[in-house]
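Structure first, then comments.
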Amino acid sequence: MKAQNSNKLWIWIGSILGFLILVLSFGAMFLSARWKPMLSEKIKAGVYNGSDHLYTIDFKSINLNVITGSLALRDVTLKANPSVYDSLKKKSLAPAHVFDIKLKKLQITRASILTAYFKKRLDINAIILDKPSIHVTFNKVPKPVKDNKGEKSLYEQISKTFKSARVHAIKINDADFSYINSGAPKKTRNAIKHLDINVEDFLLDSLSKDDSSRFYYTKDISFQIAGYKSTTKDKMYNMRVDTIKGSTSSKKVSIKGLKLIPLYDELAFSRKYKVQKDRYNLNFNDIEFKGMDFASFNTDEKIHARAVTIGPAQVEVFMSRESPPPPGLDKGQNYPHMALKRLNMPVIIDTVKLNQVDVKYGEYNPASKKTGSVSFKSINGNIVNVTNDSLRLTKNNHALANLNTLLMGNGKMNVKIDFNLTDQNGSFGYSGNLKSFNMKDLNPLSIALGLVEIESGNIQQLDFKANGNLRTASGTMNMLYSDLKVKLLSDNIDGEGTKQKGFLSLLANNILIKDANPDKGEAPRKAVMSSTRLNSGSFFNLMWKTVFVGIKDIVGVGIVPEKNPVKQQKAIAKKIRKQKRADRREARKAKREKN
């Protein structure tokens, strides 16, 4: 009997609970049906009025669950009105960035609907945007006048509807993102895929605007791009990036695994062009921006960082002298400080830190049919005051580089460079020293490009100092060395193979070349060095060539004139054209014989 009564009790309790659940379900359905149109209108009006009529939002459907506080919008579009934007721009009230967003679904979770409705406080756990398409246009707009009475804060614009608005998390997952700078001389569209953005604790109330710990009302905005791949427009390179991460709270941006990979081997790449073209092979393991000013980047597209660390990294540059330089080309405009001046965006970097950066420059010489190369291993050091910002330049217009490296992987070398960032003639100064270096290590460079093989020679100490500009460089050099012997080589223009000029090598070693400095019982010789840059010569070419002039003078071959590179290039080009014509004739002859 007791068991029967107990069962009846549970049936009675279950019936009541079932009835309550049924009532709540019907109530939720009723409220959802009633509130859906109202919410739709509120959302559309909130976006429209909250953006000063700049944006309109539209969606195909809205799903609301009052009990769980969830909301889903489907087929959502957010668009800006160009005429309204122009009007705001004239009043200095327009934002720098304009957004155009499309997505299949926008999910809002755990929103306290009753609190929002009765207490006018909006509190949302998360807003999630899955795989949206985001198009951003940057416009250079004048800064708003501070005493502009018509300007209202974002909170003032929503205060009639809500006392506060809080979103604990905003997540944008796997977005397709494109960016256009409309103020640039050439409008270019930059697009990336697989972008993730996380916004932490967005709070809009009467106090959040003045909260210095927040960035645009948020505690943090972080982003990540993973597995970026693309091919350059000219189809000559693949570009890859493993990850790009950033955070407004840490003020850091980290780039890992940035690579620019040429699609052709060195000579094959160069022969794709009718003129000389540098080929780059770049691999940056790490690039990190610290102390990044995200606010100035957002409003003025200004890059301002306390420090940028680059490396470990490998940089390889190759160029072939087979083809002539491009007509009208002047590589002087690509001096580091001249290129910085030409950038379309302001840059302020207090310190650039190089960490284990390997640099190799290779050049193919048709006269020897060999590629000569010079390498600088493990470059470490700092470059301070890297900027093109006009206000910063009035206070300090010099960037100073202090770098240590291993010349050809062995010789410890220090180089200091002083860049004048405002001089129209690209003036700069540089100095350096090299200690305990085996000169035979220079053969990969001297045989191919200088047609000189170093048999022996040891540098005890080398010091140089010079000043240069867009056209020339000059200075002084001290070099102490011993036991120098060389072989002079013939060219290979006619395909005979590089070979030793035995008699001339003997004369050079016994008459011209001085095998040591200082000579016994004499003071060390010093050199006055100077060089003039050709239009096809680079910044580092001028530096190296000027130092080489000093070395030649001290070892005793400074009186031997260099071949005119322009005339040599023309002679080589003529022989190459002649050989190509002969090759085409042979190919046609072989084809006729085959048929």
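Convention: chains lettered A, B, ... in structure tokens order; per-chain residue numbering from 1; ligands numbered from 1 as shown.
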Item to check | DSSP-assigned alpha helix (DSSP H) members of range 181-412 of chain A, reported as a VMD selection string | outcome: chain A and resid 266 to 270 294 to 300 336 to 342 390 to 395
Checklist entry - Looking only at the backbone, which of the residues in range 227-469 of chain A does DSSP tag as strand (DSSP E or B), as a PyMOL selection string? => result chain A and resi 227-231+237-247+252-262+279-290+303-310+313-320+347-365+370-387+398-407+411-420+428-438+452-468
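Rounded to one decimal, CA of Leu407 in chain A and CA of Lys377 in chain A lie 6.6 Å from each other.
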Next on the checklist: Please compute the CA of Asn388 in chain A-CA of Leu343 in chain A distance, one decimal, in Å.
Outcome noted: 8.0 Å
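Close contacts of range 464-469 of chain A, defined as residues with an atom at most 6 Å away when counting only C-alpha atoms, with chain neighbours fewer than 6 positions off set aside, comprise Asn425, Gly426, Ser427, Phe428, Gly429, Tyr430, Ser431, Gly432, Gly475, Thr476 and Met477 of chain A.
Nearest to Pro325 in chain A of all the residues A:Gln460, A:Asn535, A:Thr231, A:Ser530 is A:Asn535, based on only C-alpha atoms.
Using only C-alpha atoms, the residues found no farther than 12 Å from Tyr48 in chain A, other than those of its own chain fewer than 2 positions away, are Glu41, Lys42, Ile43, Lys44, Ala45, Gly46, Gly50, Ser51, Asp52, His53, Leu54, Tyr55, Thr56, Ile57, Asp58, Leu78, Lys79, Ala80, Asn81, Val84, Gln157 and Ile158 of chain A.
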Dump N, CA, C and O atoms for the selected residues as a PDB file, in the first residue's frame?
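Resulting contents of out.pdb:
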ATOM      1  N   GLU A  41      13.699  44.903 -35.105  1.00  0.00           N
ATOM      2  CA  GLU A  41      13.672  46.356 -35.263  1.00  0.00           C
ATOM      3  C   GLU A  41      14.691  47.036 -34.353  1.00  0.00           C
ATOM      4  O   GLU A  41      15.349  47.997 -34.744  1.00  0.00           O
ATOM      5  N   LYS A  42      14.823  46.526 -33.090  1.00  0.00           N
ATOM      6  CA  LYS A  42      15.770  47.114 -32.153  1.00  0.00           C
ATOM      7  C   LYS A  42      17.207  46.964 -32.647  1.00  0.00           C
ATOM      8  O   LYS A  42      18.023  47.881 -32.546  1.00  0.00           O
ATOM      9  N   ILE A  43      17.526  45.790 -33.171  1.00  0.00           N
ATOM     10  CA  ILE A  43      18.886  45.553 -33.673  1.00  0.00           C
ATOM     11  C   ILE A  43      19.194  46.473 -34.844  1.00  0.00           C
ATOM     12  O   ILE A  43      20.241  47.121 -34.909  1.00  0.00           O
ATOM     13  N   LYS A  44      18.267  46.547 -35.784  1.00  0.00           N
ATOM     14  CA  LYS A  44      18.486  47.388 -36.962  1.00  0.00           C
ATOM     15  C   LYS A  44      18.563  48.863 -36.589  1.00  0.00           C
ATOM     16  O   LYS A  44      19.428  49.602 -37.069  1.00  0.00           O
ATOM     17  N   ALA A  45      17.666  49.292 -35.677  1.00  0.00           N
ATOM     18  CA  ALA A  45      17.677  50.687 -35.252  1.00  0.00           C
ATOM     19  C   ALA A  45      18.916  50.994 -34.424  1.00  0.00           C
ATOM     20  O   ALA A  45      19.494  52.076 -34.524  1.00  0.00           O
ATOM     21  N   GLY A  46      19.340  50.015 -33.584  1.00  0.00           N
ATOM     22  CA  GLY A  46      20.523  50.227 -32.753  1.00  0.00           C
ATOM     23  C   GLY A  46      21.775  50.416 -33.586  1.00  0.00           C
ATOM     24  O   GLY A  46      22.595  51.302 -33.306  1.00  0.00           O
ATOM     25  N   GLY A  50      23.232  53.996 -33.672  1.00  0.00           N
ATOM     26  CA  GLY A  50      24.499  53.957 -32.951  1.00  0.00           C
ATOM     27  C   GLY A  50      25.698  54.301 -33.810  1.00  0.00           C
ATOM     28  O   GLY A  50      26.753  54.662 -33.285  1.00  0.00           O
ATOM     29  N   SER A  51      25.559  54.197 -35.126  1.00  0.00           N
ATOM     30  CA  SER A  51      26.664  54.532 -36.042  1.00  0.00           C
ATOM     31  C   SER A  51      26.455  55.872 -36.735  1.00  0.00           C
ATOM     32  O   SER A  51      27.076  56.146 -37.757  1.00  0.00           O
ATOM     33  N   ASP A  52      25.588  56.712 -36.169  1.00  0.00           N
ATOM     34  CA  ASP A  52      25.282  57.994 -36.808  1.00  0.00           C
ATOM     35  C   ASP A  52      24.763  57.801 -38.230  1.00  0.00           C
ATOM     36  O   ASP A  52      25.121  58.555 -39.147  1.00  0.00           O
ATOM     37  N   HIS A  53      23.945  56.755 -38.400  1.00  0.00           N
ATOM     38  CA  HIS A  53      23.309  56.445 -39.685  1.00  0.00           C
ATOM     39  C   HIS A  53      24.308  55.972 -40.744  1.00  0.00           C
ATOM     40  O   HIS A  53      23.957  55.878 -41.928  1.00  0.00           O
ATOM     41  N   LEU A  54      25.547  55.652 -40.297  1.00  0.00           N
ATOM     42  CA  LEU A  54      26.562  55.206 -41.262  1.00  0.00           C
ATOM     43  C   LEU A  54      26.303  53.769 -41.720  1.00  0.00           C
ATOM     44  O   LEU A  54      26.425  53.459 -42.906  1.00  0.00           O
ATOM     45  N   TYR A  55      25.927  52.880 -40.800  1.00  0.00           N
ATOM     46  CA  TYR A  55      25.788  51.467 -41.122  1.00  0.00           C
ATOM     47  C   TYR A  55      24.329  51.013 -41.077  1.00  0.00           C
ATOM     48  O   TYR A  55      23.530  51.510 -40.275  1.00  0.00           O
ATOM     49  N   THR A  56      24.034  50.056 -41.932  1.00  0.00           N
ATOM     50  CA  THR A  56      22.752  49.344 -41.871  1.00  0.00           C
ATOM     51  C   THR A  56      23.056  47.855 -41.789  1.00  0.00           C
ATOM     52  O   THR A  56      23.985  47.367 -42.436  1.00  0.00           O
ATOM     53  N   ILE A  57      22.253  47.175 -40.970  1.00  0.00           N
ATOM     54  CA  ILE A  57      22.406  45.725 -40.844  1.00  0.00           C
ATOM     55  C   ILE A  57      21.123  45.062 -41.322  1.00  0.00           C
ATOM     56  O   ILE A  57      20.018  45.580 -41.113  1.00  0.00           O
ATOM     57  N   ASP A  58      21.306  43.940 -41.987  1.00  0.00           N
ATOM     58  CA  ASP A  58      20.139  43.198 -42.469  1.00  0.00           C
ATOM     59  C   ASP A  58      20.403  41.705 -42.266  1.00  0.00           C
ATOM     60  O   ASP A  58      21.573  41.266 -42.258  1.00  0.00           O
ATOM     61  N   LEU A  78      26.356  43.677 -43.196  1.00  0.00           N
ATOM     62  CA  LEU A  78      26.563  44.995 -42.598  1.00  0.00           C
ATOM     63  C   LEU A  78      27.219  45.875 -43.652  1.00  0.00           C
ATOM     64  O   LEU A  78      28.300  45.550 -44.149  1.00  0.00           O
ATOM     65  N   LYS A  79      26.555  46.976 -44.015  1.00  0.00           N
ATOM     66  CA  LYS A  79      27.049  47.836 -45.083  1.00  0.00           C
ATOM     67  C   LYS A  79      27.102  49.289 -44.625  1.00  0.00           C
ATOM     68  O   LYS A  79      26.292  49.725 -43.820  1.00  0.00           O
ATOM     69  N   ALA A  80      28.077  50.018 -45.192  1.00  0.00           N
ATOM     70  CA  ALA A  80      28.206  51.447 -44.900  1.00  0.00           C
ATOM     71  C   ALA A  80      27.596  52.249 -46.040  1.00  0.00           C
ATOM     72  O   ALA A  80      27.669  51.849 -47.212  1.00  0.00           O
ATOM     73  N   ASN A  81      27.013  53.380 -45.701  1.00  0.00           N
ATOM     74  CA  ASN A  81      26.417  54.281 -46.688  1.00  0.00           C
ATOM     75  C   ASN A  81      27.469  55.305 -47.109  1.00  0.00           C
ATOM     76  O   ASN A  81      27.893  56.134 -46.301  1.00  0.00           O
ATOM     77  N   VAL A  84      26.652  59.050 -46.411  1.00  0.00           N
ATOM     78  CA  VAL A  84      26.708  59.395 -44.984  1.00  0.00           C
ATOM     79  C   VAL A  84      28.160  59.508 -44.543  1.00  0.00           C
ATOM     80  O   VAL A  84      28.519  60.411 -43.768  1.00  0.00           O
ATOM     81  N   GLN A 157      25.451  57.772 -27.388  1.00  0.00           N
ATOM     82  CA  GLN A 157      24.576  57.379 -28.492  1.00  0.00           C
ATOM     83  C   GLN A 157      23.661  56.213 -28.115  1.00  0.00           C
ATOM     84  O   GLN A 157      22.575  56.061 -28.674  1.00  0.00           O
ATOM     85  N   ILE A 158      24.062  55.366 -27.138  1.00  0.00           N
ATOM     86  CA  ILE A 158      23.218  54.227 -26.761  1.00  0.00           C
ATOM     87  C   ILE A 158      22.538  54.427 -25.409  1.00  0.00           C
ATOM     88  O   ILE A 158      21.724  53.604 -25.002  1.00  0.00           O
TER      89      ILE A 158
END
Proximity check range 223-277 of chain A to range 362-370 of chain A, 10 Å, nearest pairs one decimal Å, only C-alpha atoms, as a tab-separated table:
residue	atom	partner	partner_atom	distance
A:Glu266	CA	A:Tyr364	CA	9.1
A:Leu267	CA	A:Tyr364	CA	8.1
A:Ser270	CA	A:Tyr364	CA	9.8
Write the residues of the selection above to a file with C-alpha atoms, as a PDB file, in the first residue's frame.
ATOM      1  CA  GLU A 266      69.346  31.577 -59.906  1.00  0.00           C
ATOM      2  CA  LEU A 267      70.284  31.840 -63.604  1.00  0.00           C
ATOM      3  CA  SER A 270      67.535  36.057 -64.174  1.00  0.00           C
TER       4      SER A 270
END
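Proximity to Pro312 in chain A was assessed for A:Asp234, A:Asp300, A:Asp211, A:Glu288 counting only C-alpha atoms; the smallest distance is recorded for A:Glu288.
Proximity to Arg342 in chain A at 12 Å, evaluated using only C-alpha atoms and with sequence-adjacent residues fewer than 2 positions away removed, yields Pro185, Gln333, Asn334, Tyr335, Pro336, His337, Met338, Ala339, Leu340, Asn344, Met345, Pro346, Val347, Thr387, Asn388, Asp389, Leu421, Thr422 and Gln424 of chain A.
Using only C-alpha atoms, the protein and nucleic acid residues lying no more than 7 Å from Leu195 in chain A, apart from those fewer than 6 places from it along its own chain, are Asn173, Asp174, Ala175, Asp176, Gln224 and Ile225 of chain A.
For the pair CA of Asn238 in chain A and CA of Val374 in chain A, the interatomic distance is 25.2 Å.
Residue nearest Ser531 in chain A within the list A:Val547, A:Leu480, A:Asp86, A:Gly227: A:Val547 [criterion: smallest interatomic distance, only C-alpha atoms].
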